[in-house]
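Okay, input_36.cif now, which holds mmCIF, C-alpha atoms and all ligand atoms:
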```cif
data_protein
#
loop_
_atom_site.label_atom_id
_atom_site.label_comp_id
_atom_site.auth_asym_id
_atom_site.auth_seq_id
_atom_site.Cartn_x
_atom_site.Cartn_y
_atom_site.Cartn_z
CA MET A 1 3.84 -3.46 -28.10
CA LYS A 2 2.86 -6.68 -26.34
CA HIS A 3 5.99 -8.36 -27.58
CA ASP A 4 8.24 -5.43 -26.58
CA LEU A 5 6.79 -5.18 -23.10
CA ASP A 6 7.06 -8.91 -22.54
CA ASP A 7 10.76 -8.65 -23.45
CA VAL A 8 11.26 -5.71 -21.11
CA LEU A 9 9.63 -7.57 -18.22
CA ALA A 10 11.81 -10.61 -18.83
CA GLU A 11 14.95 -8.43 -18.80
CA VAL A 12 13.83 -6.64 -15.64
CA ALA A 13 13.17 -9.96 -13.89
CA ASP A 14 16.61 -11.25 -14.91
CA VAL A 15 18.29 -8.25 -13.30
CA ALA A 16 16.09 -7.98 -10.21
CA ARG A 17 15.34 -11.56 -9.18
CA PRO A 18 18.92 -12.48 -8.06
CA ARG A 19 19.13 -9.35 -5.90
CA ALA A 20 16.57 -10.88 -3.51
CA ALA A 21 19.49 -12.76 -1.92
CA GLU A 22 20.67 -9.43 -0.41
CA GLY A 23 17.39 -8.87 1.45
CA ARG A 24 15.75 -10.50 4.46
CA VAL A 25 12.26 -11.90 4.68
CA THR A 26 10.32 -10.28 7.53
CA SER A 27 10.57 -12.31 10.72
CA TYR A 28 7.86 -10.93 13.02
CA ILE A 29 4.84 -12.50 11.30
CA GLU A 30 5.30 -16.23 10.99
CA ALA A 31 3.33 -16.73 7.77
CA HIS A 32 5.50 -14.14 6.00
CA ALA A 33 8.70 -15.44 7.62
CA ASN A 34 7.97 -18.79 5.97
CA ALA A 35 7.48 -17.26 2.50
CA ASP A 36 9.72 -18.62 -0.26
CA PRO A 37 12.50 -15.99 -0.63
CA ASN A 38 12.85 -16.94 -4.29
CA SER A 39 9.28 -16.03 -5.22
CA PHE A 40 9.19 -13.22 -7.74
CA GLY A 41 6.32 -11.78 -9.73
CA LEU A 42 5.89 -8.63 -11.78
CA ALA A 43 2.61 -7.45 -13.29
CA VAL A 44 2.19 -4.35 -15.45
CA ILE A 45 -1.37 -3.61 -16.55
CA ASP A 46 -2.28 -0.81 -18.93
CA MET A 47 -5.41 1.33 -18.93
CA ASP A 48 -6.94 -0.71 -21.78
CA GLY A 49 -6.66 -3.91 -19.76
CA GLY A 50 -3.50 -5.22 -21.44
CA GLU A 51 -1.78 -7.46 -18.86
CA TYR A 52 1.99 -7.95 -19.06
CA VAL A 53 3.35 -10.36 -16.50
CA THR A 54 6.34 -12.44 -15.53
CA GLY A 55 6.91 -14.88 -12.65
CA GLU A 56 4.47 -15.80 -9.89
CA VAL A 57 1.80 -13.18 -10.51
CA ASP A 58 -1.13 -15.37 -9.46
CA GLU A 59 0.22 -16.31 -6.04
CA PRO A 60 -1.83 -14.75 -3.18
CA PHE A 61 -0.30 -13.24 -0.03
CA ALA A 62 -1.56 -10.85 2.65
CA ILE A 63 -1.08 -7.32 1.35
CA GLN A 64 -0.22 -5.79 4.75
CA SER A 65 0.64 -2.08 4.47
CA ILE A 66 -0.50 -1.81 0.86
CA SER A 67 -3.99 -1.85 2.36
CA LYS A 68 -3.26 1.64 3.75
CA VAL A 69 -3.78 3.08 0.26
CA PHE A 70 -7.23 1.55 0.01
CA SER A 71 -8.44 2.46 3.50
CA LEU A 72 -7.42 6.03 2.68
CA VAL A 73 -9.37 5.82 -0.59
CA LEU A 74 -12.39 4.68 1.39
CA ALA A 75 -11.96 7.56 3.84
CA MET A 76 -11.78 10.01 0.93
CA GLN A 77 -14.95 8.53 -0.56
CA THR A 78 -16.60 8.86 2.84
CA ALA A 79 -15.47 12.48 3.04
CA ASP A 80 -17.34 13.19 -0.19
CA GLU A 81 -20.52 11.65 1.16
CA ALA A 82 -20.62 13.16 4.64
CA GLU A 83 -19.95 16.72 5.70
CA GLY A 84 -17.02 17.41 8.01
CA VAL A 85 -15.15 14.15 7.37
CA ASP A 86 -12.50 15.78 5.19
CA LYS A 87 -11.73 18.29 7.93
CA GLU A 88 -11.81 15.59 10.61
CA LEU A 89 -9.40 13.40 8.64
CA TRP A 90 -6.79 16.01 7.78
CA SER A 91 -6.86 17.66 11.17
CA ARG A 92 -6.01 14.30 12.76
CA VAL A 93 -3.32 13.08 10.33
CA GLY A 94 -0.69 15.03 8.36
CA VAL A 95 0.69 14.79 4.83
CA GLU A 96 4.43 15.02 5.46
CA PRO A 97 6.99 12.22 5.11
CA SER A 98 8.15 10.88 8.46
CA GLY A 99 11.71 9.87 7.64
CA ASP A 100 11.27 7.27 10.38
CA PRO A 101 10.39 3.56 10.34
CA PHE A 102 6.77 2.67 9.57
CA ASN A 103 6.03 1.66 13.16
CA SER A 104 7.94 4.42 14.95
CA LEU A 105 6.59 6.14 18.07
CA VAL A 106 9.21 8.87 18.30
CA GLN A 107 7.54 11.69 16.38
CA LEU A 108 4.14 10.98 17.89
CA GLU A 109 5.32 12.02 21.33
CA HIS A 110 6.80 15.29 20.04
CA GLU A 111 3.89 16.01 17.74
CA GLU A 112 1.12 15.42 20.27
CA GLY A 113 -0.34 12.26 18.84
CA ARG A 114 -0.92 13.52 15.28
CA PRO A 115 0.77 11.11 12.85
CA ARG A 116 2.83 12.49 10.01
CA ASN A 117 0.86 10.76 7.21
CA PRO A 118 -1.64 7.97 6.46
CA MET A 119 0.98 5.62 4.98
CA ILE A 120 2.69 4.85 8.31
CA ASN A 121 1.04 2.64 10.94
CA ALA A 122 0.00 5.52 13.20
CA GLY A 123 -1.67 7.34 10.30
CA ALA A 124 -3.43 4.21 9.07
CA LEU A 125 -4.84 3.66 12.57
CA ILE A 126 -6.27 7.19 12.48
CA VAL A 127 -7.80 6.53 9.04
CA ASP A 128 -9.44 3.39 10.46
CA ASP A 129 -10.70 5.33 13.47
CA VAL A 130 -12.25 7.94 11.15
CA LEU A 131 -13.83 5.14 9.08
CA LEU A 132 -15.24 3.57 12.25
CA ASN A 133 -16.89 6.93 13.00
CA HIS A 134 -18.72 7.06 9.68
CA ARG A 135 -19.16 3.60 8.15
CA GLU A 136 -20.53 0.21 9.00
CA GLU A 137 -17.80 -2.44 9.20
CA PRO A 138 -14.82 -0.61 7.64
CA PRO A 139 -12.63 -3.75 7.28
CA GLN A 140 -15.29 -5.45 5.16
CA ALA A 141 -15.66 -2.23 3.16
CA VAL A 142 -11.90 -2.22 2.40
CA ILE A 143 -12.10 -5.86 1.24
CA GLY A 144 -15.16 -4.97 -0.86
CA LEU A 145 -13.33 -2.08 -2.52
CA LEU A 146 -10.30 -4.29 -3.22
CA SER A 147 -12.54 -6.98 -4.73
CA GLU A 148 -14.29 -4.47 -6.97
CA LEU A 149 -11.02 -2.97 -8.22
CA ALA A 150 -9.24 -6.32 -8.64
CA GLY A 151 -12.19 -7.78 -10.54
CA ASP A 152 -12.03 -10.85 -8.26
CA GLN A 153 -13.40 -11.69 -4.83
CA VAL A 154 -10.63 -10.93 -2.33
CA HIS A 155 -10.47 -13.21 0.73
CA LEU A 156 -9.05 -12.73 4.16
CA ASP A 157 -5.99 -14.73 5.22
CA GLU A 158 -7.17 -15.61 8.71
CA ILE A 159 -3.83 -17.07 9.78
CA VAL A 160 -2.04 -13.82 8.89
CA ARG A 161 -4.79 -11.79 10.57
CA ASP A 162 -4.35 -13.75 13.81
CA GLN A 163 -0.55 -13.63 13.66
CA THR A 164 -0.58 -9.88 12.89
CA ALA A 165 -2.93 -9.39 15.84
CA GLU A 166 -0.60 -11.39 18.12
CA GLU A 167 2.35 -9.20 17.09
CA ALA A 168 0.51 -5.93 17.65
CA ALA A 169 2.30 -4.71 20.80
CA ARG A 170 3.90 -1.80 19.00
CA ASN A 171 0.74 -0.84 17.11
CA ARG A 172 -1.11 -1.03 20.43
CA ALA A 173 1.47 1.33 21.95
CA ILE A 174 1.01 3.71 19.00
CA ALA A 175 -2.77 3.64 19.35
CA ASN A 176 -2.58 4.18 23.12
CA LEU A 177 -0.18 7.09 22.71
CA MET A 178 -2.55 8.73 20.21
CA ALA A 179 -5.47 8.06 22.58
CA SER A 180 -3.53 9.74 25.40
CA PHE A 181 -3.43 12.90 23.27
CA GLY A 182 -7.15 12.63 22.55
CA ASN A 183 -6.63 11.57 18.94
CA LEU A 184 -8.63 8.32 19.02
CA SER A 185 -12.42 8.09 19.15
CA HIS A 186 -12.75 4.34 19.54
CA ASP A 187 -11.40 1.74 21.85
CA VAL A 188 -7.78 0.88 20.99
CA GLU A 189 -8.65 -2.80 20.44
CA GLN A 190 -11.47 -1.96 18.02
CA VAL A 191 -9.15 0.21 15.91
CA LEU A 192 -6.39 -2.42 15.97
CA ASP A 193 -8.88 -5.06 14.91
CA ALA A 194 -9.90 -3.02 11.84
CA TYR A 195 -6.24 -2.47 10.97
CA VAL A 196 -5.07 -6.10 11.24
CA HIS A 197 -8.10 -7.21 9.28
CA GLN A 198 -7.27 -5.03 6.26
CA CYS A 199 -3.58 -6.03 6.46
CA ALA A 200 -4.64 -9.67 6.01
CA ALA A 201 -6.48 -9.18 2.70
CA ALA A 202 -4.93 -11.82 0.43
CA MET A 203 -4.21 -10.75 -3.15
CA THR A 204 -1.96 -11.65 -6.05
CA PRO A 205 0.42 -9.29 -7.88
CA ARG A 206 -1.92 -9.34 -10.87
CA GLN A 207 -4.91 -8.34 -8.75
CA LEU A 208 -2.94 -5.58 -7.01
CA ALA A 209 -1.75 -4.13 -10.32
CA ARG A 210 -5.36 -4.01 -11.50
CA ALA A 211 -6.53 -2.49 -8.23
CA VAL A 212 -4.16 0.53 -8.24
CA ARG A 213 -4.73 1.49 -11.87
CA PHE A 214 -7.60 3.89 -11.19
CA LEU A 215 -5.19 6.19 -9.33
CA GLY A 216 -3.35 6.74 -12.62
CA ASN A 217 -6.58 7.18 -14.54
CA ASP A 218 -7.86 10.36 -12.86
CA GLY A 219 -9.74 8.28 -10.31
CA VAL A 220 -11.76 6.24 -12.84
CA ASP A 221 -11.50 2.45 -12.72
CA PRO A 222 -10.63 1.55 -16.32
CA ALA A 223 -12.38 -1.83 -16.01
CA SER A 224 -15.79 -0.56 -14.94
CA GLY A 225 -15.67 3.13 -15.87
CA ARG A 226 -16.67 3.98 -12.28
CA GLN A 227 -15.31 7.19 -10.77
CA VAL A 228 -13.81 5.71 -7.60
CA LEU A 229 -12.31 9.02 -6.50
CA ARG A 230 -12.39 12.49 -7.97
CA ALA A 231 -9.28 13.21 -10.04
CA GLU A 232 -8.09 15.67 -7.42
CA GLN A 233 -8.38 13.03 -4.69
CA ALA A 234 -6.56 10.43 -6.80
CA ARG A 235 -3.74 12.91 -7.32
CA ARG A 236 -3.53 13.42 -3.56
CA VAL A 237 -3.30 9.68 -2.86
CA ALA A 238 -0.54 9.42 -5.48
CA ALA A 239 1.25 12.38 -3.86
CA LEU A 240 1.19 10.61 -0.48
CA MET A 241 2.46 7.41 -2.09
CA ILE A 242 5.45 9.08 -3.68
CA THR A 243 6.38 11.09 -0.59
CA CYS A 244 5.49 8.57 2.13
CA GLY A 245 4.59 5.19 0.58
CA THR A 246 7.95 3.55 1.08
CA TYR A 247 8.67 5.02 4.53
CA ASP A 248 12.20 6.23 5.18
CA SER A 249 13.23 5.07 1.69
CA ALA A 250 10.67 7.33 -0.03
CA GLY A 251 13.39 9.72 -1.19
CA GLN A 252 15.44 6.85 -2.60
CA PHE A 253 12.37 5.48 -4.39
CA ALA A 254 11.59 8.87 -5.92
CA PHE A 255 15.23 9.10 -6.95
CA ASP A 256 15.41 5.60 -8.45
CA VAL A 257 11.86 4.93 -9.64
CA GLY A 258 10.14 8.30 -9.99
CA PHE A 259 6.49 7.25 -9.83
CA PRO A 260 4.21 6.77 -6.78
CA CYS A 261 4.68 3.45 -4.93
CA LYS A 262 3.43 1.74 -1.79
CA SER A 263 5.04 -1.26 -0.13
CA GLY A 264 4.06 -3.91 2.42
CA VAL A 265 6.13 -6.23 4.65
CA SER A 266 5.01 -9.31 2.74
CA GLY A 267 7.28 -8.10 -0.06
CA ALA A 268 4.96 -6.48 -2.57
CA ILE A 269 5.18 -2.96 -3.93
CA VAL A 270 2.42 -1.38 -6.00
CA GLY A 271 3.08 1.53 -8.32
CA VAL A 272 1.05 3.80 -10.52
CA VAL A 273 2.16 5.45 -13.75
CA ARG A 274 -0.24 8.17 -14.78
CA HIS A 275 -2.31 7.37 -17.87
CA ARG A 276 -0.18 4.30 -18.51
CA PHE A 277 0.04 1.48 -15.98
CA GLY A 278 -0.83 -0.11 -12.68
CA VAL A 279 2.20 -2.07 -11.50
CA CYS A 280 2.88 -4.65 -8.80
CA VAL A 281 6.12 -6.43 -8.02
CA TRP A 282 6.47 -9.12 -5.37
CA SER A 283 9.64 -10.57 -3.86
CA PRO A 284 9.54 -11.31 -0.09
CA PRO A 285 13.12 -10.38 1.05
CA LEU A 286 13.14 -6.77 2.29
CA GLU A 287 15.70 -3.99 2.68
CA GLU A 288 16.18 -2.18 5.98
CA SER A 289 13.16 0.12 5.61
CA GLY A 290 10.76 -2.79 5.05
CA ASN A 291 10.45 -2.52 1.26
CA SER A 292 11.07 -5.44 -1.11
CA LEU A 293 14.73 -5.26 -2.14
CA ALA A 294 14.40 -6.96 -5.53
CA GLY A 295 11.09 -5.15 -5.98
CA HIS A 296 12.86 -1.81 -5.65
CA VAL A 297 15.45 -2.92 -8.21
CA ALA A 298 12.74 -4.16 -10.59
CA LEU A 299 10.82 -0.89 -10.45
CA HIS A 300 14.00 1.07 -11.10
CA GLU A 301 14.85 -1.09 -14.12
CA LEU A 302 11.30 -0.87 -15.42
CA ALA A 303 11.22 2.93 -15.05
CA GLU A 304 14.54 3.30 -16.86
CA ARG A 305 13.64 1.02 -19.74
CA LEU A 306 10.14 2.46 -20.31
CA ASP A 307 10.87 6.06 -19.29
CA LEU A 308 8.14 5.97 -16.67
CA TRP A 309 9.01 8.78 -14.30
CA SER A 310 6.24 11.17 -13.37
CA ILE A 311 8.04 13.79 -11.28
O1 LIG A 401 1.50 -3.10 11.26
C1 LIG A 401 2.30 -3.96 10.95
O2 LIG A 401 3.31 -4.13 11.59
C2 LIG A 401 2.05 -4.84 9.75
N1 LIG A 401 0.88 -5.59 9.93
C3 LIG A 401 2.07 -4.08 8.47
C4 LIG A 401 3.26 -3.27 8.28
C5 LIG A 401 3.75 -3.19 6.90
O3 LIG A 401 3.36 -3.89 6.00
C6 LIG A 401 4.83 -2.23 6.73
N2 LIG A 401 5.41 -2.34 5.44
N3 LIG A 401 6.43 -2.32 4.99
#
```
So that I can check it, write out the structure of this file as structure tokens.
Amino acid sequence: MKHDLDDVLAEVADVARPRAAEGRVTSYIEAHANADPNSFGLAVIDMDGGEYVTGEVDEPFAIQSISKVFSLVLAMQTADEAEGVDKELWSRVGVEPSGDPFNSLVQLEHEEGRPRNPMINAGALIVDDVLLNHREEPPQAVIGLLSELAGDQVHLDEIVRDQTAEEAARNRAIANLMASFGNLSHDVEQVLDAYVHQCAAAMTPRQLARAVRFLGNDGVDPASGRQVLRAEQARRVAALMITCGTYDSAGQFAFDVGFPCKSGVSGAIVGVVRHRFGVCVWSPPLEESGNSLAGHVALHELAERLDLWSI
């Protein structure tokens, strides 16, 4: 099995890696704009801890929007510990795909400040606001959760945090618009601070593949045996990933890949294959929706070769 999977990963990398030339590295955050467009890493980790990797899988980068999965996980854990949080969360953010860019303001105006889902920026800001209502230091808690699941101490990339904060005009507009509709409990700057902090968590493809596995294992972290989420909650996070995790390309991802994925502007995409694998691919050049172009190709090739679809 090890030998076969290593061969499959090598074939997938051969097909996907050259396609990066068709994408564009994000330009609005300097540290990511300076990323090497030729970097490519793919990690596939099974539920028994078998790690299958190719390329630069131990290279850290700020995970950006992939953090939205883990802040949502934290909010779901919080909802199990404190009464009323589940209702608060799902009354303030929806569970429908947006079909719009990840940082769009358009629907928010029409829909009275209630974001479509927690995987877009507006929804992630609401998740952070809910966390701020019920937990001490949510950003540190997100980093703590990531460290536990990755099996390594995760650090903050302070340069990316500062650059993300400097480029937050649009996120600030989103937060202010939601506040104008009464859908923000905290000061806009406090919510933005929590958000940019989690975006700057620096992780490697290998660590990310380890960290998402529990979602495909009925909520139990295979490394520690800890029930991180109830199985029902893990299924819900996976449902949001497949319908909303890759923004206005979510339909195309479901069509091409067929298992739940979540992307970030630094060029990583995590995926989860139920009862089989945690996956992470990293290649900085993006397609128009902000997902890694070669990463999308790699996940498609992987799904085809290993028959990984889950829908
Ligand atoms: O909010 C932003 O603009 C970024 N810090 C994160 C966005 C992101 O990663 C979207 N992903 N494709």
Contacts to ligand LIG 401 (chain A) at 7 Å cut-off (only C-alpha atoms and all ligand atoms) as a list in words: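 What falls inside 7 Å of ligand LIG 401 (chain A) is Gln64, Ser65, Ile66, Phe102, Asn103, Asn121, Thr164, Ala168, Asn171, Val196, Cys199, Ser263, Gly264, Val265, Ser266, Gly290 and Asn291 of chain A.
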Saved selection, atoms kept: C-alpha atoms, as a compact mmCIF listing (two decimals), keeping the file's coordinate frame:
```txt
# COMPACT_ATOMS: atom_id res chain seq x y z
CA GLN A 64 -0.22 -5.79 4.75
CA SER A 65 0.64 -2.08 4.47
CA ILE A 66 -0.50 -1.81 0.86
CA PHE A 102 6.77 2.67 9.57
CA ASN A 103 6.03 1.66 13.16
CA ASN A 121 1.04 2.64 10.94
CA THR A 164 -0.58 -9.88 12.89
CA ALA A 168 0.51 -5.93 17.65
CA ASN A 171 0.74 -0.84 17.11
CA VAL A 196 -5.07 -6.10 11.24
CA CYS A 199 -3.58 -6.03 6.46
CA SER A 263 5.04 -1.26 -0.13
CA GLY A 264 4.06 -3.91 2.42
CA VAL A 265 6.13 -6.23 4.65
CA SER A 266 5.01 -9.31 2.74
CA GLY A 290 10.76 -2.79 5.05
CA ASN A 291 10.45 -2.52 1.26
```
Point-to-point distance in Å for atom CA of Gly216 of chain A and atom CA of Glu88 of chain A: 26.3 Å
Shortest interatomic distance to Ala238 of chain A - which of A:Ala250, A:Val257, A:Ala298, A:Val69, counting all atoms listed in the file: A:Val69
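The shortest atom-to-atom distance to Arg114 of chain A, with only C-alpha atoms taken into account, belongs to A:Leu184 out of A:Arg276, A:Leu184, A:Pro139, A:Gln163.
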Test item: residues at most 8 Å from segment 40-44 of chain A, all atoms listed in the file, excluding those fewer than 2 positions along its chain, as a PyMOL selection string: chain A and resi 9+13+17+38+46+51-57+205-206+209+277-284
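Take the candidates A:Ala254, A:Ala21, A:Leu308, A:Ala62 and check each one against Ser292 of chain A using all atoms listed in the file; the shortest distance goes to A:Ala21.
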Point (8.9, 1.3, -0.2) neighbourhood (12 Å, all atoms listed in the file) written as a PyMOL selection string: chain A and resi 65-66+99+101-102+119-120+241-254+256-257+259-271+281-282+286-297+299
Would you export the selected residues with C-alpha atoms as an mmCIF file, in the frame of the given file, please?
```cif
data_model
loop_
_atom_site.group_PDB
_atom_site.id
_atom_site.type_symbol
_atom_site.label_atom_id
_atom_site.label_comp_id
_atom_site.auth_asym_id
_atom_site.auth_seq_id
_atom_site.Cartn_x
_atom_site.Cartn_y
_atom_site.Cartn_z
ATOM 1 C CA SER A 65 0.640 -2.080 4.470
ATOM 2 C CA ILE A 66 -0.500 -1.810 0.860
ATOM 3 C CA GLY A 99 11.710 9.870 7.640
ATOM 4 C CA PRO A 101 10.390 3.560 10.340
ATOM 5 C CA PHE A 102 6.770 2.670 9.570
ATOM 6 C CA MET A 119 0.980 5.620 4.980
ATOM 7 C CA ILE A 120 2.690 4.850 8.310
ATOM 8 C CA MET A 241 2.460 7.410 -2.090
ATOM 9 C CA ILE A 242 5.450 9.080 -3.680
ATOM 10 C CA THR A 243 6.380 11.090 -0.590
ATOM 11 C CA CYS A 244 5.490 8.570 2.130
ATOM 12 C CA GLY A 245 4.590 5.190 0.580
ATOM 13 C CA THR A 246 7.950 3.550 1.080
ATOM 14 C CA TYR A 247 8.670 5.020 4.530
ATOM 15 C CA ASP A 248 12.200 6.230 5.180
ATOM 16 C CA SER A 249 13.230 5.070 1.690
ATOM 17 C CA ALA A 250 10.670 7.330 -0.030
ATOM 18 C CA GLY A 251 13.390 9.720 -1.190
ATOM 19 C CA GLN A 252 15.440 6.850 -2.600
ATOM 20 C CA PHE A 253 12.370 5.480 -4.390
ATOM 21 C CA ALA A 254 11.590 8.870 -5.920
ATOM 22 C CA ASP A 256 15.410 5.600 -8.450
ATOM 23 C CA VAL A 257 11.860 4.930 -9.640
ATOM 24 C CA PHE A 259 6.490 7.250 -9.830
ATOM 25 C CA PRO A 260 4.210 6.770 -6.780
ATOM 26 C CA CYS A 261 4.680 3.450 -4.930
ATOM 27 C CA LYS A 262 3.430 1.740 -1.790
ATOM 28 C CA SER A 263 5.040 -1.260 -0.130
ATOM 29 C CA GLY A 264 4.060 -3.910 2.420
ATOM 30 C CA VAL A 265 6.130 -6.230 4.650
ATOM 31 C CA SER A 266 5.010 -9.310 2.740
ATOM 32 C CA GLY A 267 7.280 -8.100 -0.060
ATOM 33 C CA ALA A 268 4.960 -6.480 -2.570
ATOM 34 C CA ILE A 269 5.180 -2.960 -3.930
ATOM 35 C CA VAL A 270 2.420 -1.380 -6.000
ATOM 36 C CA GLY A 271 3.080 1.530 -8.320
ATOM 37 C CA VAL A 281 6.120 -6.430 -8.020
ATOM 38 C CA TRP A 282 6.470 -9.120 -5.370
ATOM 39 C CA LEU A 286 13.140 -6.770 2.290
ATOM 40 C CA GLU A 287 15.700 -3.990 2.680
ATOM 41 C CA GLU A 288 16.180 -2.180 5.980
ATOM 42 C CA SER A 289 13.160 0.120 5.610
ATOM 43 C CA GLY A 290 10.760 -2.790 5.050
ATOM 44 C CA ASN A 291 10.450 -2.520 1.260
ATOM 45 C CA SER A 292 11.070 -5.440 -1.110
ATOM 46 C CA LEU A 293 14.730 -5.260 -2.140
ATOM 47 C CA ALA A 294 14.400 -6.960 -5.530
ATOM 48 C CA GLY A 295 11.090 -5.150 -5.980
ATOM 49 C CA HIS A 296 12.860 -1.810 -5.650
ATOM 50 C CA VAL A 297 15.450 -2.920 -8.210
ATOM 51 C CA LEU A 299 10.820 -0.890 -10.450
#
```
Residue neighbourhood Met76 of chain A, 8 Å, only C-alpha atoms, exclusion window fewer than 3 positions, as a PyMOL selection string: chain A and resi 72-73+79-80+86+229+233
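Atom pair atom CA of Glu30 of chain A / atom CA of Leu192 of chain A has a distance of 18.8 Å (rounded to one decimal).
Counting only C-alpha atoms, the residue from A:Leu302, A:Ala200, A:Leu146, A:Val8 that sits nearest to Asp221 of chain A is A:Leu146.
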